[in-house]
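K.L.:
Data: coords29.cif, mmCIF, C-alpha atoms.
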data_structure
loop_
_atom_site.label_atom_id
_atom_site.label_comp_id
_atom_site.auth_asym_id
_atom_site.auth_seq_id
_atom_site.Cartn_x
_atom_site.Cartn_y
_atom_site.Cartn_z
CA MET B 1 -105.16 36.78 76.97
CA THR B 2 -105.21 33.64 79.07
CA THR B 3 -103.12 33.56 82.23
CA HIS B 4 -102.10 30.44 84.03
CA SER B 5 -101.83 30.42 87.80
CA THR B 6 -99.00 28.65 89.53
CA PRO B 7 -100.05 26.42 92.45
CA GLU B 8 -99.14 28.01 95.75
CA PRO B 9 -97.20 25.84 98.20
CA ILE B 10 -99.18 24.59 101.17
CA GLY B 11 -97.88 25.99 104.44
CA ALA B 12 -96.82 23.79 107.32
CA ASP B 13 -99.69 25.08 109.45
CA VAL B 14 -102.28 23.98 106.88
CA VAL B 15 -100.61 20.60 106.48
CA GLY B 16 -100.61 20.20 110.26
CA LEU B 17 -104.32 20.99 110.47
CA LEU B 18 -105.12 18.54 107.66
CA LYS B 19 -103.16 15.79 109.38
CA ALA B 20 -104.87 16.52 112.71
CA LEU B 21 -108.20 15.96 110.95
CA LYS B 22 -106.82 12.83 109.21
CA LEU B 23 -107.07 14.65 105.89
CA GLY B 24 -103.34 14.73 105.14
CA ALA B 25 -103.82 13.32 101.62
CA LEU B 26 -105.69 16.50 100.65
CA ALA B 27 -102.33 18.33 100.68
CA ASP B 28 -101.52 16.54 97.40
CA THR B 29 -104.53 17.95 95.52
CA LEU B 30 -105.20 21.19 97.40
CA PRO B 31 -102.75 23.41 95.42
CA GLN B 32 -104.13 22.37 92.02
CA ARG B 33 -107.71 22.57 93.26
CA ALA B 34 -107.02 26.13 94.45
CA VAL B 35 -105.68 27.07 91.00
CA LEU B 36 -108.75 25.64 89.27
CA ALA B 37 -111.06 27.37 91.74
CA ARG B 38 -109.50 30.75 90.91
CA GLN B 39 -109.63 30.10 87.18
CA HIS B 40 -113.30 29.11 87.27
CA LYS B 41 -114.24 31.61 89.98
CA THR B 42 -115.58 28.78 92.11
CA SER B 43 -117.43 29.80 95.26
CA HIS B 44 -115.99 28.97 98.67
CA ILE B 45 -118.69 26.36 99.19
CA GLY B 46 -118.01 24.90 95.74
CA PHE B 47 -114.29 24.75 96.47
CA LEU B 48 -114.94 22.99 99.77
CA GLU B 49 -117.28 20.53 98.03
CA GLN B 50 -114.57 19.66 95.50
CA LEU B 51 -112.02 19.04 98.23
CA LEU B 52 -114.40 16.83 100.19
CA ALA B 53 -115.39 14.93 97.03
CA ASP B 54 -111.69 14.27 96.38
CA GLU B 55 -111.30 12.86 99.88
CA VAL B 56 -114.44 10.70 99.66
CA SER B 57 -113.27 9.29 96.31
CA ARG B 58 -109.81 8.59 97.71
CA ARG B 59 -111.20 6.82 100.77
CA GLU B 60 -113.64 4.76 98.73
CA SER B 61 -110.84 3.66 96.41
CA ARG B 62 -108.62 2.73 99.34
CA SER B 63 -111.49 0.86 101.04
CA ALA B 64 -112.38 -1.01 97.83
CA ALA B 65 -108.74 -2.03 97.32
CA LEU B 66 -108.53 -3.35 100.87
CA ARG B 67 -111.80 -5.27 100.62
CA ALA B 68 -110.79 -6.71 97.24
CA ARG B 69 -107.49 -7.90 98.71
CA THR B 70 -109.32 -9.45 101.67
CA ALA B 71 -111.72 -11.14 99.24
CA GLY B 72 -108.79 -12.76 97.42
CA LEU B 73 -109.32 -10.89 94.14
CA ASP B 74 -106.40 -10.41 91.76
CA PRO B 75 -106.05 -6.60 91.41
CA THR B 76 -105.05 -6.89 87.74
CA MET B 77 -108.16 -8.81 86.68
CA ARG B 78 -110.70 -6.07 86.08
CA ILE B 79 -113.28 -5.67 83.35
CA ASP B 80 -111.22 -2.91 81.69
CA THR B 81 -108.17 -5.18 81.48
CA TRP B 82 -110.05 -8.11 79.92
CA GLN B 83 -109.32 -8.20 76.21
CA ALA B 84 -111.41 -10.64 74.25
CA ALA B 85 -109.49 -11.99 71.25
CA GLU B 86 -111.27 -12.02 67.91
CA ASP B 87 -111.26 -15.82 67.84
CA LEU B 88 -113.29 -16.09 71.05
CA THR B 89 -117.03 -16.58 70.73
CA TYR B 90 -119.46 -15.70 73.53
CA ASP B 91 -122.76 -13.93 74.09
CA ARG B 92 -121.75 -10.27 74.28
CA THR B 93 -125.25 -9.19 75.29
CA LEU B 94 -125.21 -11.59 78.23
CA LEU B 95 -121.75 -10.41 79.31
CA ALA B 96 -122.94 -6.79 79.22
CA ASP B 97 -125.93 -7.78 81.35
CA LEU B 98 -123.69 -9.58 83.84
CA THR B 99 -121.47 -6.52 84.21
CA SER B 100 -124.55 -4.47 85.10
CA LEU B 101 -124.76 -6.69 88.22
CA ARG B 102 -128.52 -6.94 87.90
CA PHE B 103 -128.13 -10.65 88.54
CA VAL B 104 -126.48 -9.88 91.87
CA ASP B 105 -129.28 -7.49 92.83
CA ALA B 106 -131.78 -10.26 92.02
CA GLY B 107 -129.93 -12.87 94.06
CA HIS B 108 -129.18 -14.89 90.94
CA SER B 109 -125.94 -16.68 90.14
CA ALA B 110 -123.59 -16.95 87.16
CA ILE B 111 -121.78 -19.88 85.56
CA LEU B 112 -118.83 -19.19 83.26
CA LEU B 113 -117.95 -22.17 81.08
CA GLY B 114 -115.21 -22.78 78.54
CA PRO B 115 -111.86 -24.43 77.95
CA VAL B 116 -108.78 -23.56 79.95
CA GLY B 117 -107.27 -20.16 79.18
CA VAL B 118 -110.18 -18.25 77.63
CA GLY B 119 -110.55 -15.74 80.46
CA LYS B 120 -113.20 -17.26 82.74
CA THR B 121 -111.24 -16.53 85.91
CA HIS B 122 -110.52 -13.00 84.73
CA LEU B 123 -114.19 -12.28 84.11
CA ALA B 124 -115.31 -13.85 87.39
CA THR B 125 -112.70 -11.78 89.26
CA ALA B 126 -113.78 -8.65 87.39
CA LEU B 127 -117.39 -9.22 88.46
CA GLY B 128 -116.11 -9.59 92.00
CA HIS B 129 -114.34 -6.23 91.79
CA MET B 130 -117.50 -4.61 90.46
CA ALA B 131 -119.51 -6.08 93.33
CA ILE B 132 -116.91 -4.74 95.78
CA GLY B 133 -117.45 -1.33 94.20
CA ARG B 134 -121.16 -1.66 94.99
CA ARG B 135 -120.32 -2.30 98.65
CA ARG B 136 -121.12 -6.02 98.37
CA SER B 137 -119.11 -8.57 100.35
CA VAL B 138 -117.12 -10.96 98.18
CA VAL B 139 -115.04 -14.10 98.66
CA PHE B 140 -113.00 -15.58 95.81
CA GLY B 141 -111.58 -19.08 96.06
CA ARG B 142 -110.27 -21.73 93.76
CA ALA B 143 -112.47 -24.77 94.31
CA ASP B 144 -109.73 -27.09 95.53
CA LYS B 145 -108.40 -24.52 98.01
CA LEU B 146 -111.87 -23.60 99.22
CA PHE B 147 -112.75 -27.22 99.99
CA HIS B 148 -109.33 -27.80 101.51
CA ARG B 149 -109.91 -24.85 103.84
CA LEU B 150 -113.23 -26.32 104.95
CA ARG B 151 -111.55 -29.67 105.55
CA ALA B 152 -108.81 -28.02 107.61
CA ALA B 153 -111.43 -26.13 109.62
CA ARG B 154 -112.78 -29.45 110.83
CA LEU B 155 -109.49 -30.11 112.59
CA ASP B 156 -109.91 -27.16 114.95
CA ASN B 157 -113.72 -27.29 115.14
CA SER B 158 -114.11 -24.02 113.22
CA VAL B 159 -115.91 -25.53 110.23
CA ASP B 160 -119.30 -24.17 111.31
CA ALA B 161 -117.91 -20.64 111.49
CA GLU B 162 -116.18 -21.02 108.13
CA MET B 163 -119.34 -22.38 106.53
CA ARG B 164 -121.36 -19.49 107.96
CA ARG B 165 -118.83 -17.04 106.51
CA LEU B 166 -119.09 -18.58 103.06
CA THR B 167 -122.87 -18.86 103.08
CA ALA B 168 -123.38 -15.29 104.34
CA VAL B 169 -121.13 -13.49 101.84
CA ASP B 170 -123.03 -11.59 99.14
CA VAL B 171 -120.97 -12.95 96.24
CA LEU B 172 -119.02 -16.22 96.42
CA VAL B 173 -116.74 -16.97 93.47
CA ILE B 174 -115.80 -20.65 93.07
CA ASP B 175 -113.08 -20.87 90.44
CA ASP B 176 -112.10 -24.00 88.48
CA PHE B 177 -114.95 -26.11 89.86
CA ALA B 178 -114.90 -29.82 88.94
CA LEU B 179 -111.39 -29.58 87.56
CA ARG B 180 -110.78 -32.73 89.58
CA ALA B 181 -113.09 -35.21 91.32
CA LEU B 182 -114.69 -34.23 94.64
CA ASP B 183 -114.48 -36.71 97.50
CA PRO B 184 -117.50 -37.37 99.80
CA THR B 185 -116.64 -34.53 102.20
CA GLU B 186 -116.12 -32.03 99.39
CA THR B 187 -119.34 -33.15 97.68
CA ASN B 188 -121.27 -32.61 100.90
CA ASP B 189 -119.67 -29.19 101.43
CA PHE B 190 -120.60 -28.17 97.89
CA TYR B 191 -124.19 -29.25 98.55
CA GLU B 192 -124.35 -27.31 101.83
CA LEU B 193 -122.95 -24.15 100.27
CA ILE B 194 -125.34 -24.14 97.33
CA VAL B 195 -128.42 -25.05 99.37
CA GLU B 196 -127.74 -22.39 102.01
CA ARG B 197 -127.06 -19.69 99.42
CA HIS B 198 -129.95 -20.60 97.10
CA GLN B 199 -132.44 -17.79 96.32
CA SER B 200 -130.72 -15.19 98.48
CA LYS B 201 -127.02 -14.99 97.61
CA THR B 202 -125.00 -14.90 94.40
CA THR B 203 -122.58 -17.68 93.52
CA ILE B 204 -120.27 -17.34 90.51
CA VAL B 205 -118.78 -20.61 89.27
CA THR B 206 -116.15 -21.06 86.58
CA SER B 207 -115.52 -24.47 85.07
CA ASN B 208 -114.17 -26.14 81.96
CA ARG B 209 -116.89 -28.80 82.33
CA GLU B 210 -120.61 -28.39 81.74
CA PRO B 211 -122.97 -28.90 84.72
CA ALA B 212 -124.08 -32.24 83.27
CA GLU B 213 -120.48 -33.43 83.62
CA TRP B 214 -120.19 -32.26 87.23
CA LEU B 215 -122.16 -35.25 88.43
CA THR B 216 -119.44 -37.60 87.23
CA MET B 217 -116.92 -35.61 89.30
CA THR B 218 -118.72 -35.98 92.64
CA ALA B 219 -118.92 -38.77 95.20
CA ASP B 220 -122.68 -38.60 95.75
CA ALA B 221 -124.78 -38.11 92.62
CA LEU B 222 -127.98 -37.47 94.60
CA LEU B 223 -126.49 -34.65 96.67
CA ALA B 224 -124.70 -33.23 93.66
CA GLN B 225 -127.83 -33.29 91.50
CA SER B 226 -129.80 -31.46 94.17
CA ALA B 227 -127.13 -28.76 94.44
CA ILE B 228 -126.64 -28.42 90.69
CA ASP B 229 -130.39 -28.15 90.05
CA ARG B 230 -130.65 -25.32 92.56
CA LEU B 231 -127.61 -23.52 91.21
CA THR B 232 -128.54 -23.75 87.52
CA SER B 233 -132.20 -22.87 88.08
CA ARG B 234 -131.25 -19.30 88.99
CA ALA B 235 -127.98 -18.93 87.10
CA HIS B 236 -127.02 -17.04 83.96
CA THR B 237 -124.64 -19.23 81.96
CA LEU B 238 -121.97 -17.60 79.79
CA VAL B 239 -120.13 -20.00 77.48
CA ILE B 240 -116.78 -18.82 76.09
CA GLU B 241 -115.35 -20.82 73.22
CA GLY B 242 -112.00 -20.54 71.49
CA PRO B 243 -108.29 -21.33 71.90
CA SER B 244 -106.54 -20.58 75.17
CA TYR B 245 -104.26 -17.58 75.62
CA ARG B 246 -101.27 -19.92 75.61
CA GLN B 247 -102.33 -21.65 72.39
CA ARG B 248 -102.98 -18.32 70.75
CA HIS B 249 -99.59 -16.94 71.84
CA HIS B 250 -97.80 -20.12 70.73
CA SER B 251 -99.47 -19.91 67.34
CA ARG B 252 -98.25 -16.34 66.86
CA LEU B 253 -94.68 -17.38 67.70
CA ASP B 254 -94.71 -20.57 65.61
CA PRO B 255 -92.01 -20.11 62.91
CA SER B 256 -94.19 -21.97 60.42
CA ASN B 257 -96.76 -19.17 60.67
CA LEU B 258 -94.28 -16.37 59.98
CA GLY B 259 -94.91 -14.78 56.65
CA GLU B 260 -98.23 -16.51 56.16
CA HIS B 261 -101.25 -14.47 55.19
CA PRO B 262 -104.91 -15.53 55.47
CA GLN B 263 -106.42 -16.55 52.20
#
Using structure tokens, write down the structure from this file.

P.N.:
Amino acid sequence: MTTHSTPEPIGADVVGLLKALKLGALADTLPQRAVLARQHKTSHIGFLEQLLADEVSRRESRSAALRARTAGLDPTMRIDTWQAAEDLTYDRTLLADLTSLRFVDAGHSAILLGPVGVGKTHLATALGHMAIGRRRSVVFGRADKLFHRLRAARLDNSVDAEMRRLTAVDVLVIDDFALRALDPTETNDFYELIVERHQSKTTIVTSNREPAEWLTMTADALLAQSAIDRLTSRAHTLVIEGPSYRQRHHSRLDPSNLGEHPQ
């Protein structure tokens, strides 16, 4: 006959000791852990190991959440929340390889291409979260805001420090690149970032334009070509094709589609 133990309440003295050791969060899991330990006849050392593993996991999760927030990553855009619609086409093998982060380990980059609304930003953010989980430093920035920040840094003479920060980070995500034309300063900043990060750091770029089109969006074709050649030479390019989320949602709600069945 199976008996079920009831978790014993944790006394104030134990809670006080845990808090003194900055282990107060263990009070939430300690009662249930104690029940499981009795049921499985876990040794004292095994019980202690489970408690410490709980605390390490909790601290790592808290640290990762803080670093992701500092990196500018949307907490909802993770690989397990990305749902590819059936009408999207992309290289699934390549995506699986990207999520292994082997390209980050190799110092390679990634370019995610496709029309607006197919999930490029979501995937780039998800890769950023995964890199955070591997203890890599990450910075996420929409291209226009990133270049604007560099421009603003020139006003207080902090541009060198800002550029060093962006070139030193393990993974730099530039979202919506070439959505609008880059002026001479932005073109030069793009060149500097890519050249300084080439062969040692990972840059993830999302864009609804192909690299060949980027040249037409820059103020200096020579600088841009040099940067683009370096970036693409060591980048894995994932192309996502299909209707945007908004188009897909609108189509489902379109009254003319109600009652229709595929032939």

K.L.:
Residues of segment 111-151 of chain B within 9 Å of segment 57-65 of chain B: nearest atom pair and distance (Å, one decimal) for each, counting only C-alpha atoms, sorted by chain and number, as CSV?

P.N.:
residue,atom,partner,partner_atom,distance
B:His129,CA,B:Ala64,CA,8.2
B:Ile132,CA,B:Ala64,CA,6.2
B:Gly133,CA,B:Ala64,CA,6.2
B:Arg135,CA,B:Ala64,CA,8.1

K.L.:
My list of candidates is B:Ser137, B:Thr70, B:Thr237, B:Gln32. Which is closest to Lys201 of chain B when distances are computed with only C-alpha atoms?

P.N.:
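Nearest candidate to Lys201 of chain B out of B:Ser137, B:Thr70, B:Thr237, B:Gln32: B:Ser137.
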
K.L.:
Give me the residues within 7 Å of Tyr191 of chain B as a PyMOL selection string, counting only C-alpha atoms and dropping any in the same chain fewer than 5 places off.

P.N.:
chain B and resi 223-224+227

K.L.:
Between B:Asp105, B:Asp160, B:Glu8, B:Glu210, single out the one closest to Arg134 of chain B, counting only C-alpha atoms.

P.N.:
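For Arg134 of chain B, the nearest of the given residues is B:Asp105.
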
K.L.:
Which value, in Å to one decimal, gives the distance between atom CA of Ile204 of chain B and atom CA of Leu112 of chain B?

P.N.:
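Between atom CA of Ile204 of chain B and atom CA of Leu112 of chain B the gap is 7.6 Å.
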
K.L.:
Evaluate the PyMOL selection byres ((chain B and resi 176) around 8) and record the selected residues as an NGL selection string, following the chain and residue labels used in the document.

P.N.:
:B and (121 or 142-143 or 174-175 or 177-179 or 205-208)

K.L.:
Between atom CA of Pro115 of chain B and atom CA of Arg209 of chain B, what distance in Å does the model show, to one decimal?

P.N.:
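Here the two named atoms are 8.0 Å from each other.
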
K.L.:
Have a look at atom CA of Ala27 of chain B and atom CA of Asp54 of chain B and let me know their distance in Å, one decimal.

P.N.:
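Answer for the atom CA of Ala27 of chain B to atom CA of Asp54 of chain B separation: 11.1 Å.
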
K.L.:
Evaluating the PyMOL selection byres ((chain B and resi 79) around 12) on the displayed file yields which residues, as an NGL selection string?

P.N.:
:B and (74-78 or 80-84 or 95-96 or 98-100 or 119-131)

K.L.:
Generate a file of the selected residues that holds C-alpha atoms, formatted as an mmCIF file, in the frame of the given file.

P.N.:
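The result, stored in result-v4.cif:
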data_model
loop_
_atom_site.group_PDB
_atom_site.id
_atom_site.type_symbol
_atom_site.label_atom_id
_atom_site.label_comp_id
_atom_site.auth_asym_id
_atom_site.auth_seq_id
_atom_site.Cartn_x
_atom_site.Cartn_y
_atom_site.Cartn_z
ATOM 1 C CA ASP B 74 -106.400 -10.410 91.760
ATOM 2 C CA PRO B 75 -106.050 -6.600 91.410
ATOM 3 C CA THR B 76 -105.050 -6.890 87.740
ATOM 4 C CA MET B 77 -108.160 -8.810 86.680
ATOM 5 C CA ARG B 78 -110.700 -6.070 86.080
ATOM 6 C CA ASP B 80 -111.220 -2.910 81.690
ATOM 7 C CA THR B 81 -108.170 -5.180 81.480
ATOM 8 C CA TRP B 82 -110.050 -8.110 79.920
ATOM 9 C CA GLN B 83 -109.320 -8.200 76.210
ATOM 10 C CA ALA B 84 -111.410 -10.640 74.250
ATOM 11 C CA LEU B 95 -121.750 -10.410 79.310
ATOM 12 C CA ALA B 96 -122.940 -6.790 79.220
ATOM 13 C CA LEU B 98 -123.690 -9.580 83.840
ATOM 14 C CA THR B 99 -121.470 -6.520 84.210
ATOM 15 C CA SER B 100 -124.550 -4.470 85.100
ATOM 16 C CA GLY B 119 -110.550 -15.740 80.460
ATOM 17 C CA LYS B 120 -113.200 -17.260 82.740
ATOM 18 C CA THR B 121 -111.240 -16.530 85.910
ATOM 19 C CA HIS B 122 -110.520 -13.000 84.730
ATOM 20 C CA LEU B 123 -114.190 -12.280 84.110
ATOM 21 C CA ALA B 124 -115.310 -13.850 87.390
ATOM 22 C CA THR B 125 -112.700 -11.780 89.260
ATOM 23 C CA ALA B 126 -113.780 -8.650 87.390
ATOM 24 C CA LEU B 127 -117.390 -9.220 88.460
ATOM 25 C CA GLY B 128 -116.110 -9.590 92.000
ATOM 26 C CA HIS B 129 -114.340 -6.230 91.790
ATOM 27 C CA MET B 130 -117.500 -4.610 90.460
ATOM 28 C CA ALA B 131 -119.510 -6.080 93.330
#

K.L.:
Looking at only C-alpha atoms, which of B:Leu73, B:Ile194, B:Leu113, B:Val15 is the one that sits closest to Asp91 of chain B?

P.N.:
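Residue with the minimum atom-to-atom distance to Asp91 of chain B: B:Leu113.
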
K.L.:
Do a neighbour search on Gly24 of chain B at 12 Å with all atoms listed in the file, toss out local chain neighbours closer than 5 positions, and write the hits as an mmCIF file with C-alpha atoms, in the coordinates of the input.

P.N.:
data_model
loop_
_atom_site.group_PDB
_atom_site.id
_atom_site.type_symbol
_atom_site.label_atom_id
_atom_site.label_comp_id
_atom_site.auth_asym_id
_atom_site.auth_seq_id
_atom_site.Cartn_x
_atom_site.Cartn_y
_atom_site.Cartn_z
ATOM 1 C CA ILE B 10 -99.180 24.590 101.170
ATOM 2 C CA ALA B 12 -96.820 23.790 107.320
ATOM 3 C CA ASP B 13 -99.690 25.080 109.450
ATOM 4 C CA VAL B 14 -102.280 23.980 106.880
ATOM 5 C CA VAL B 15 -100.610 20.600 106.480
ATOM 6 C CA GLY B 16 -100.610 20.200 110.260
ATOM 7 C CA LEU B 17 -104.320 20.990 110.470
ATOM 8 C CA LEU B 18 -105.120 18.540 107.660
ATOM 9 C CA LYS B 19 -103.160 15.790 109.380
ATOM 10 C CA THR B 29 -104.530 17.950 95.520
ATOM 11 C CA LEU B 30 -105.200 21.190 97.400
ATOM 12 C CA LEU B 51 -112.020 19.040 98.230
ATOM 13 C CA GLU B 55 -111.300 12.860 99.880
ATOM 14 C CA ARG B 58 -109.810 8.590 97.710
ATOM 15 C CA ARG B 59 -111.200 6.820 100.770
#

K.L.:
Applied to this file, what does the PyMOL selection byres ((chain B and resi 236) around 9) return in terms of residues, put as a CSV table (one decimal) with C-alpha atoms, in the frame of the given file?

P.N.:
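Listing of result_16.csv after writing:
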chain,number,residue,atom,x,y,z
B,94,LEU,CA,-125.2,-11.6,78.2
B,98,LEU,CA,-123.7,-9.6,83.8
B,103,PHE,CA,-128.1,-10.6,88.5
B,108,HIS,CA,-129.2,-14.9,90.9
B,109,SER,CA,-125.9,-16.7,90.1
B,110,ALA,CA,-123.6,-17.0,87.2
B,111,ILE,CA,-121.8,-19.9,85.6
B,112,LEU,CA,-118.8,-19.2,83.3
B,232,THR,CA,-128.5,-23.8,87.5
B,233,SER,CA,-132.2,-22.9,88.1
B,234,ARG,CA,-131.2,-19.3,89.0
B,235,ALA,CA,-128.0,-18.9,87.1
B,237,THR,CA,-124.6,-19.2,82.0
B,238,LEU,CA,-122.0,-17.6,79.8

K.L.:
Got a minute to add N, CA, C and O atoms to segment 91-114 of chain B and dump it as a CSV table (one decimal), keeping the file's coordinate frame?

P.N.:
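New file result22.csv:
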chain,number,residue,atom,x,y,z
B,91,ASP,N,-121.6,-14.8,74.2
B,91,ASP,CA,-122.8,-13.9,74.1
B,91,ASP,C,-122.4,-12.6,74.7
B,91,ASP,O,-122.4,-12.4,75.9
B,92,ARG,N,-122.1,-11.6,73.8
B,92,ARG,CA,-121.8,-10.3,74.3
B,92,ARG,C,-122.9,-9.6,75.0
B,92,ARG,O,-122.6,-8.8,75.9
B,93,THR,N,-124.1,-9.8,74.6
B,93,THR,CA,-125.2,-9.2,75.3
B,93,THR,C,-125.3,-9.7,76.7
B,93,THR,O,-125.6,-8.9,77.7
B,94,LEU,N,-125.1,-11.0,76.9
B,94,LEU,CA,-125.2,-11.6,78.2
B,94,LEU,C,-124.1,-11.1,79.1
B,94,LEU,O,-124.3,-10.7,80.3
B,95,LEU,N,-122.9,-10.9,78.5
B,95,LEU,CA,-121.8,-10.4,79.3
B,95,LEU,C,-122.0,-9.0,79.8
B,95,LEU,O,-121.8,-8.6,80.9
B,96,ALA,N,-122.6,-8.2,78.9
B,96,ALA,CA,-122.9,-6.8,79.2
B,96,ALA,C,-124.0,-6.8,80.3
B,96,ALA,O,-123.9,-5.9,81.3
B,97,ASP,N,-124.9,-7.7,80.3
B,97,ASP,CA,-125.9,-7.8,81.4
B,97,ASP,C,-125.3,-8.2,82.7
B,97,ASP,O,-125.7,-7.7,83.7
B,98,LEU,N,-124.4,-9.1,82.6
B,98,LEU,CA,-123.7,-9.6,83.8
B,98,LEU,C,-122.9,-8.4,84.5
B,98,LEU,O,-122.9,-8.3,85.7
B,99,THR,N,-122.3,-7.6,83.7
B,99,THR,CA,-121.5,-6.5,84.2
B,99,THR,C,-122.3,-5.4,84.8
B,99,THR,O,-121.8,-4.5,85.5
B,100,SER,N,-123.6,-5.4,84.5
B,100,SER,CA,-124.6,-4.5,85.1
B,100,SER,C,-124.8,-4.9,86.5
B,100,SER,O,-125.4,-4.0,87.3
B,101,LEU,N,-124.5,-6.1,86.9
B,101,LEU,CA,-124.8,-6.7,88.2
B,101,LEU,C,-126.2,-6.8,88.6
B,101,LEU,O,-126.6,-6.9,89.8
B,102,ARG,N,-127.1,-6.7,87.6
B,102,ARG,CA,-128.5,-6.9,87.9
B,102,ARG,C,-128.8,-8.3,88.5
B,102,ARG,O,-129.6,-8.5,89.3
B,103,PHE,N,-128.0,-9.3,88.0
B,103,PHE,CA,-128.1,-10.6,88.5
B,103,PHE,C,-127.8,-10.7,90.0
B,103,PHE,O,-128.4,-11.5,90.8
B,104,VAL,N,-126.8,-9.9,90.4
B,104,VAL,CA,-126.5,-9.9,91.9
B,104,VAL,C,-127.6,-9.3,92.7
B,104,VAL,O,-128.0,-9.7,93.7
B,105,ASP,N,-128.2,-8.2,92.2
B,105,ASP,CA,-129.3,-7.5,92.8
B,105,ASP,C,-130.5,-8.4,93.0
B,105,ASP,O,-131.2,-8.4,94.0
B,106,ALA,N,-130.6,-9.3,92.0
B,106,ALA,CA,-131.8,-10.3,92.0
B,106,ALA,C,-131.5,-11.5,92.8
B,106,ALA,O,-132.4,-12.4,93.0
B,107,GLY,N,-130.3,-11.7,93.3
B,107,GLY,CA,-129.9,-12.9,94.1
B,107,GLY,C,-129.7,-14.1,93.2
B,107,GLY,O,-129.8,-15.2,93.6
B,108,HIS,N,-129.4,-13.8,91.9
B,108,HIS,CA,-129.2,-14.9,90.9
B,108,HIS,C,-127.7,-15.2,90.9
B,108,HIS,O,-126.9,-14.5,91.6
B,109,SER,N,-127.3,-16.3,90.2
B,109,SER,CA,-125.9,-16.7,90.1
B,109,SER,C,-125.4,-16.6,88.7
B,109,SER,O,-126.2,-16.3,87.8
B,110,ALA,N,-124.2,-17.0,88.5
B,110,ALA,CA,-123.6,-17.0,87.2
B,110,ALA,C,-122.6,-18.1,87.0
B,110,ALA,O,-121.9,-18.5,88.0
B,111,ILE,N,-122.7,-18.8,85.9
B,111,ILE,CA,-121.8,-19.9,85.6
B,111,ILE,C,-121.0,-19.5,84.3
B,111,ILE,O,-121.6,-19.2,83.3
B,112,LEU,N,-119.7,-19.5,84.4
B,112,LEU,CA,-118.8,-19.2,83.3
B,112,LEU,C,-118.1,-20.5,82.8
B,112,LEU,O,-117.4,-21.1,83.5
B,113,LEU,N,-118.5,-20.9,81.6
B,113,LEU,CA,-118.0,-22.2,81.1
B,113,LEU,C,-117.1,-22.0,79.9
B,113,LEU,O,-117.2,-21.0,79.1
B,114,GLY,N,-116.1,-22.8,79.7
B,114,GLY,CA,-115.2,-22.8,78.5
B,114,GLY,C,-113.9,-23.5,78.8
B,114,GLY,O,-113.6,-23.9,80.0
